[in-house]
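Note: the block below is coords21.tsv and it holds TSV, C-alpha atoms.
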```tsv
chain	number	residue	atom	x	y	z
M	1023	ASP	CA	118.21	83.92	114.96
M	1024	ALA	CA	118.76	81.51	117.84
M	1025	VAL	CA	118.04	78.55	115.54
M	1026	ILE	CA	120.61	79.78	113.02
M	1027	GLU	CA	123.16	80.46	115.74
M	1028	ASN	CA	122.80	76.94	117.14
M	1029	TRP	CA	123.07	75.48	113.65
M	1030	LEU	CA	126.25	77.47	112.91
M	1031	ASN	CA	127.85	76.40	116.18
M	1032	SER	CA	127.03	72.75	115.62
M	1033	ALA	CA	130.08	72.35	113.34
M	1034	THR	CA	133.01	70.65	115.06
M	1035	ALA	CA	136.46	69.47	113.97
M	1036	GLU	CA	138.86	66.90	115.31
M	1037	ASP	CA	142.50	66.43	114.31
M	1038	ASP	CA	144.53	63.26	114.87
M	1039	CYS	CA	147.52	65.26	115.99
M	1040	SER	CA	145.91	68.26	117.66
M	1041	GLY	CA	142.59	67.05	118.99
M	1042	THR	CA	139.61	69.42	118.91
M	1043	LEU	CA	140.13	72.44	116.69
M	1044	GLU	CA	138.36	75.78	116.43
M	1045	VAL	CA	135.93	76.11	113.51
M	1046	THR	CA	135.22	79.48	111.92
M	1047	HIS	CA	132.53	80.46	109.37
M	1048	ASN	CA	131.75	83.33	107.05
M	1049	TYR	CA	128.04	83.81	107.91
M	1050	PRO	CA	126.37	86.13	106.87
M	1051	ASP	CA	128.74	87.29	104.14
M	1052	VAL	CA	127.27	85.37	101.17
M	1053	PHE	CA	123.55	85.99	100.66
M	1054	VAL	CA	121.38	85.65	97.54
M	1055	ASP	CA	118.27	87.79	97.91
M	1056	ALA	CA	114.82	86.45	97.00
M	1057	CYS	CA	111.30	87.78	97.59
M	1058	GLY	CA	110.68	89.88	100.67
M	1059	LEU	CA	113.14	89.06	103.40
M	1060	THR	CA	113.75	85.56	102.09
M	1061	GLY	CA	116.87	84.26	100.40
M	1062	GLU	CA	119.73	81.84	100.75
M	1063	TYR	CA	122.94	82.09	102.76
M	1064	THR	CA	125.90	80.01	101.67
M	1065	VAL	CA	127.97	79.33	104.76
M	1066	THR	CA	131.56	78.10	104.58
M	1067	TRP	CA	133.24	76.62	107.65
M	1068	THR	CA	137.00	76.61	107.87
M	1069	VAL	CA	139.31	74.74	110.23
M	1070	VAL	CA	143.13	75.05	110.34
M	1071	ASP	CA	145.38	72.80	112.38
M	1072	PRO	CA	148.63	74.04	114.00
M	1073	CYS	CA	150.61	72.84	110.98
M	1074	GLY	CA	148.60	74.97	108.56
M	1075	ASN	CA	146.51	72.18	107.08
M	1076	VAL	CA	143.10	73.53	106.05
M	1077	THR	CA	139.73	71.87	105.68
M	1078	VAL	CA	136.63	73.69	104.42
M	1079	ASP	CA	133.02	72.65	104.10
M	1080	SER	CA	129.86	74.51	103.18
M	1081	ALA	CA	126.08	74.34	103.53
M	1082	THR	CA	123.15	76.65	102.92
M	1083	ILE	CA	120.54	78.37	105.03
M	1084	THR	CA	117.35	78.84	103.00
M	1085	ILE	CA	114.79	81.30	104.34
M	1086	VAL	CA	111.32	80.92	102.82
M	1087	ASP	CA	108.00	82.69	103.31
M	1088	THR	CA	104.87	80.55	103.10
M	1089	THR	CA	102.93	82.53	105.70
M	1090	ASP	CA	99.94	84.58	104.59
M	1091	PRO	CA	99.73	88.25	105.62
M	1092	GLU	CA	97.83	88.84	108.84
M	1093	ILE	CA	94.70	90.98	108.60
M	1094	VAL	CA	94.61	92.92	111.86
M	1095	LEU	CA	91.50	94.95	110.96
M	1096	GLU	CA	88.75	93.46	108.81
M	1097	ALA	CA	87.02	95.52	106.13
M	1098	GLU	CA	83.76	97.14	107.29
M	1099	ASP	CA	80.49	97.71	105.43
M	1100	LEU	CA	79.86	101.12	103.91
M	1101	ILE	CA	76.22	102.18	104.36
M	1102	LEU	CA	75.01	105.08	102.23
M	1103	GLU	CA	71.78	106.94	101.59
M	1104	CYS	CA	70.64	106.61	98.00
M	1105	ALA	CA	69.69	110.28	97.72
M	1106	ASP	CA	73.14	111.57	98.70
M	1107	GLY	CA	74.94	113.18	95.79
M	1108	ASN	CA	78.50	112.24	96.73
M	1109	ASN	CA	78.09	108.48	96.98
M	1110	ALA	CA	80.47	107.81	94.09
M	1111	ASP	CA	83.23	109.75	95.86
M	1112	LEU	CA	82.56	108.00	99.16
M	1113	ILE	CA	82.67	104.58	97.52
M	1114	GLY	CA	85.88	105.48	95.69
M	1115	ALA	CA	87.53	106.58	98.92
M	1116	TRP	CA	86.30	103.43	100.69
M	1117	LEU	CA	87.75	101.20	97.99
M	1118	ALA	CA	91.04	103.12	97.96
M	1119	ASN	CA	91.25	102.50	101.73
M	1120	ASN	CA	90.55	98.77	101.25
M	1121	GLY	CA	87.27	99.05	103.11
M	1122	GLY	CA	89.20	100.12	106.21
M	1123	ALA	CA	91.12	96.83	106.34
M	1124	VAL	CA	94.66	96.75	107.70
M	1125	ALA	CA	97.19	93.96	107.23
M	1126	THR	CA	100.75	93.25	108.30
M	1127	ASP	CA	103.44	90.80	107.25
M	1128	VAL	CA	106.66	89.99	109.10
M	1129	CYS	CA	108.59	88.85	106.03
M	1130	SER	CA	107.96	91.71	103.58
M	1131	ASP	CA	110.40	94.52	102.93
M	1132	GLU	CA	108.05	96.35	100.57
M	1133	ALA	CA	104.46	97.57	100.89
M	1134	LEU	CA	101.73	94.95	100.75
M	1135	VAL	CA	99.62	95.01	97.61
M	1136	TRP	CA	95.81	95.28	97.85
M	1137	SER	CA	93.21	94.49	95.20
M	1138	PHE	CA	89.44	94.04	95.23
M	1139	GLU	CA	86.73	92.24	93.31
M	1140	ALA	CA	83.04	93.13	93.31
M	1141	ALA	CA	80.27	90.55	93.29
M	1142	PRO	CA	77.05	91.18	91.31
M	1143	VAL	CA	74.77	93.79	92.83
M	1144	LEU	CA	71.93	92.39	94.91
M	1145	GLY	CA	69.15	94.82	94.05
M	1146	SER	CA	66.32	95.86	96.29
M	1147	CYS	CA	63.65	98.54	95.91
M	1148	GLY	CA	64.37	101.43	93.56
M	1149	ASP	CA	68.07	102.06	93.11
M	1150	THR	CA	68.98	100.51	96.45
M	1151	GLY	CA	71.00	97.34	96.83
M	1152	SER	CA	74.10	95.71	98.21
M	1153	THR	CA	77.44	94.90	96.57
M	1154	LEU	CA	79.86	92.51	98.25
M	1155	PHE	CA	83.55	93.33	97.78
M	1156	THR	CA	86.38	90.88	98.39
M	1157	PHE	CA	89.65	92.59	99.30
M	1158	THR	CA	92.83	90.60	98.74
M	1159	VAL	CA	96.19	91.52	100.25
M	1160	THR	CA	99.35	90.01	98.77
M	1161	ASP	CA	102.81	89.98	100.33
M	1162	ASN	CA	106.14	90.18	98.52
M	1163	CYS	CA	106.26	86.40	98.07
M	1164	GLY	CA	102.73	86.00	96.68
M	1165	ASN	CA	101.01	84.82	99.86
M	1166	THR	CA	97.48	86.19	100.19
M	1167	SER	CA	94.72	86.84	102.70
M	1168	ILE	CA	91.19	88.12	102.09
M	1169	THR	CA	88.56	90.14	103.91
M	1170	LYS	CA	85.04	90.97	102.74
M	1171	ALA	CA	82.62	93.87	103.20
M	1172	SER	CA	79.66	95.36	101.37
M	1173	VAL	CA	78.54	98.70	100.02
M	1174	ILE	CA	74.90	99.00	101.08
M	1175	ILE	CA	72.66	101.63	99.48
M	1176	ASN	CA	69.53	102.42	101.51
M	1177	ASP	CA	66.60	104.71	100.77
M	1178	THR	CA	65.01	106.42	103.76
M	1179	THR	CA	64.31	109.74	101.97
M	1180	PRO	CA	60.64	110.40	101.11
M	1181	PRO	CA	59.79	111.46	97.54
M	1182	GLU	CA	58.87	115.08	96.82
M	1183	LEU	CA	55.20	115.50	95.95
M	1184	ASN	CA	53.71	118.56	94.20
M	1185	VAL	CA	49.94	118.71	94.17
M	1186	PRO	CA	47.73	121.03	92.06
M	1187	SER	CA	46.08	124.08	93.56
M	1188	ASP	CA	42.50	123.90	94.73
M	1189	GLN	CA	40.18	123.82	91.77
M	1190	VAL	CA	36.80	125.62	91.83
M	1191	GLU	CA	34.27	124.73	89.13
M	1192	GLU	CA	30.83	126.12	88.33
M	1193	CYS	CA	28.07	123.57	88.79
M	1194	GLY	CA	26.90	122.42	85.39
M	1195	ASP	CA	29.83	124.11	83.59
M	1196	ILE	CA	32.94	122.01	84.38
M	1197	GLU	CA	36.02	123.30	82.55
M	1198	VAL	CA	38.68	121.03	84.03
M	1199	THR	CA	37.72	117.42	84.60
M	1200	LEU	CA	38.54	115.68	87.85
M	1201	ALA	CA	40.91	113.31	86.05
M	1202	SER	CA	42.75	116.21	84.39
M	1203	TRP	CA	43.08	118.04	87.69
M	1204	GLN	CA	44.41	114.94	89.45
M	1205	ALA	CA	46.90	114.39	86.64
M	1206	GLU	CA	48.52	117.75	87.43
M	1207	ALA	CA	50.11	116.19	90.53
M	1208	THR	CA	53.81	115.39	90.08
M	1209	ALA	CA	56.41	113.65	92.21
M	1210	THR	CA	60.17	113.08	92.06
M	1211	ASP	CA	62.51	110.75	93.93
M	1212	GLU	CA	66.31	110.55	93.98
M	1213	CYS	CA	66.28	106.77	94.23
M	1214	GLY	CA	63.86	105.47	91.63
M	1215	ASP	CA	60.52	105.91	89.95
M	1216	VAL	CA	57.38	106.96	91.83
M	1217	ASP	CA	53.68	106.20	91.54
M	1218	ILE	CA	51.02	108.69	92.61
M	1219	ASP	CA	47.86	107.31	94.16
M	1220	VAL	CA	44.88	109.65	94.48
M	1221	ILE	CA	42.44	108.81	97.23
M	1222	LEU	CA	39.19	110.62	98.03
M	1223	TRP	CA	39.62	111.68	101.63
M	1224	ASN	CA	36.41	113.57	102.39
M	1225	THR	CA	33.28	114.91	100.72
M	1226	ILE	CA	31.43	117.94	102.07
M	1227	SER	CA	27.97	118.61	100.67
M	1228	GLY	CA	26.94	122.19	99.95
M	1229	CYS	CA	23.81	123.96	98.86
M	1230	GLY	CA	21.82	122.54	95.98
M	1231	GLY	CA	23.95	120.07	94.03
M	1232	THR	CA	27.27	121.58	95.06
M	1233	MET	CA	29.98	119.81	97.07
M	1234	SER	CA	33.60	119.93	98.02
M	1235	GLU	CA	35.93	116.91	97.71
M	1236	GLN	CA	39.22	116.57	99.49
M	1237	TYR	CA	41.96	114.31	98.02
```

Go ahead and express the file in the form of structure tokens.
Amino acid sequence: DAVIENWLNSATAEDDCSGTLEVTHNYPDVFVDACGLTGEYTVTWTVVDPCGNVTVDSATITIVDTTDPEIVLEAEDLILECADGNNADLIGAWLANNGGAVATDVCSDEALVWSFEAAPVLGSCGDTGSTLFTFTVTDNCGNTSITKASVIINDTTPPELNVPSDQVEECGDIEVTLASWQAEATATDECGDVDIDVILWNTISGCGGTMSEQY
């Protein structure tokens, strides 16, 4: 404002008969709006001597916006557990909130516009992985700033293992083979496939040819 005021007051007028005359102007009456708070003022200066002779002149004040929005809070990573059932909702809310980013712009008279773009998923074990999102904020005049953050899916939840009941077999009359009994074990995991390894933990000898094996 001070710059404009000094510029407006820089107009002067001299008259051969009357000397220095007062100059008036019509700022800010004539304004053509552009994007945001930008636009163009057409300023007309007028000077009248004591005999009623009039001189007018005009110039323009052009206000532009080439300044990018300022990101005052950067987007932050969203870290989730793979086994949680509401991850999709949490990610949706995180994206709708621009990853928690906040931006401001001194030359916008409307809300800033946010958008995002996701990079390819960087996979890890199971269904875990990381996706980098680039958030872009655009002001009313098309100036942009970006901030980046990732959705990180971790897996710290153990799988659920269901083992078969103890199996007792008559010596010399085996009904269920060891392999069949071991195959009864099942396991599930919310974040990928599982493999079941069966390891002989201990063998206890009994009478005759009997024994007990712990797996």

Residues of region 1093-1204 of chain M at most 7 Å from region 1213-1229 of chain M: nearest atom pair and distance in Å, only C-alpha atoms, as JSON lines:
```
{"residue": "M:Cys1104", "atom": "CA", "partner": "M:Cys1213", "partner_atom": "CA", "distance": 5.8}
{"residue": "M:Ala1105", "atom": "CA", "partner": "M:Cys1213", "partner_atom": "CA", "distance": 6.0}
{"residue": "M:Gly1148", "atom": "CA", "partner": "M:Gly1214", "partner_atom": "CA", "distance": 4.5}
{"residue": "M:Asp1149", "atom": "CA", "partner": "M:Cys1213", "partner_atom": "CA", "distance": 5.2}
{"residue": "M:Asp1177", "atom": "CA", "partner": "M:Cys1213", "partner_atom": "CA", "distance": 6.9}
```

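Closest approach to Trp1116 (chain M) from the set M:Ala1097, M:Val1198, M:Ala1024, M:Leu1043 is made by M:Ala1097, with distances taken over all atoms listed in the file.
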
If I take CA of Thr1208 (chain M) and CA of Tyr1237 (chain M), how far is one from the other in Å, to one decimal?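 About the pair CA of Thr1208 (chain M) and CA of Tyr1237 (chain M): they are 14.3 Å apart.
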
Return the single residue from M:Pro1091, M:Pro1072, M:Gly1114, M:Pro1050 that is closest to Ser1167 (chain M), with distances computed using only C-alpha atoms.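 Nearest candidate to Ser1167 (chain M) out of M:Pro1091, M:Pro1072, M:Gly1114, M:Pro1050: M:Pro1091.
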
Let me have the centre and edge lengths of the axis-aligned box enclosing all listed atoms of region 1052-1064 of chain M with 6 Å padding on every side, in Å to one decimal, as JSON.
```
{"center_x": 119.0, "center_y": 84.9, "center_z": 100.2, "size_x": 28.6, "size_y": 21.9, "size_z": 18.4}
```

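Minimum distance to Thr1089 (chain M) across M:Thr1166, M:Ser1032, M:Ser1137, M:Thr1150 (counting all atoms listed in the file) occurs at M:Thr1166.
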
From M:Ile1174, M:Ala1140, M:Ala1118, M:Leu1059, residue lying nearest Asn1162 (chain M) [only C-alpha atoms]: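 Using only C-alpha atoms, the shortest distance to Asn1162 (chain M) belongs to M:Leu1059.
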
With distances taken over all atoms listed in the file, which residue among M:Asn1176, M:Thr1064, M:Ser1187, M:Thr1169 lies nearest Asp1051 (chain M)? M:Thr1064

As an exercise, work out the distance from CA of Ser1080 (chain M) to CA of Asp1038 (chain M) in Å and give it to one decimal place.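 Separation of CA of Ser1080 (chain M) and CA of Asp1038 (chain M): 21.9 Å.
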
How many Å separate CA of Thr1042 (chain M) from CA of Thr1084 (chain M)?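 CA of Thr1084 (chain M) lies 28.9 Å from CA of Thr1042 (chain M).
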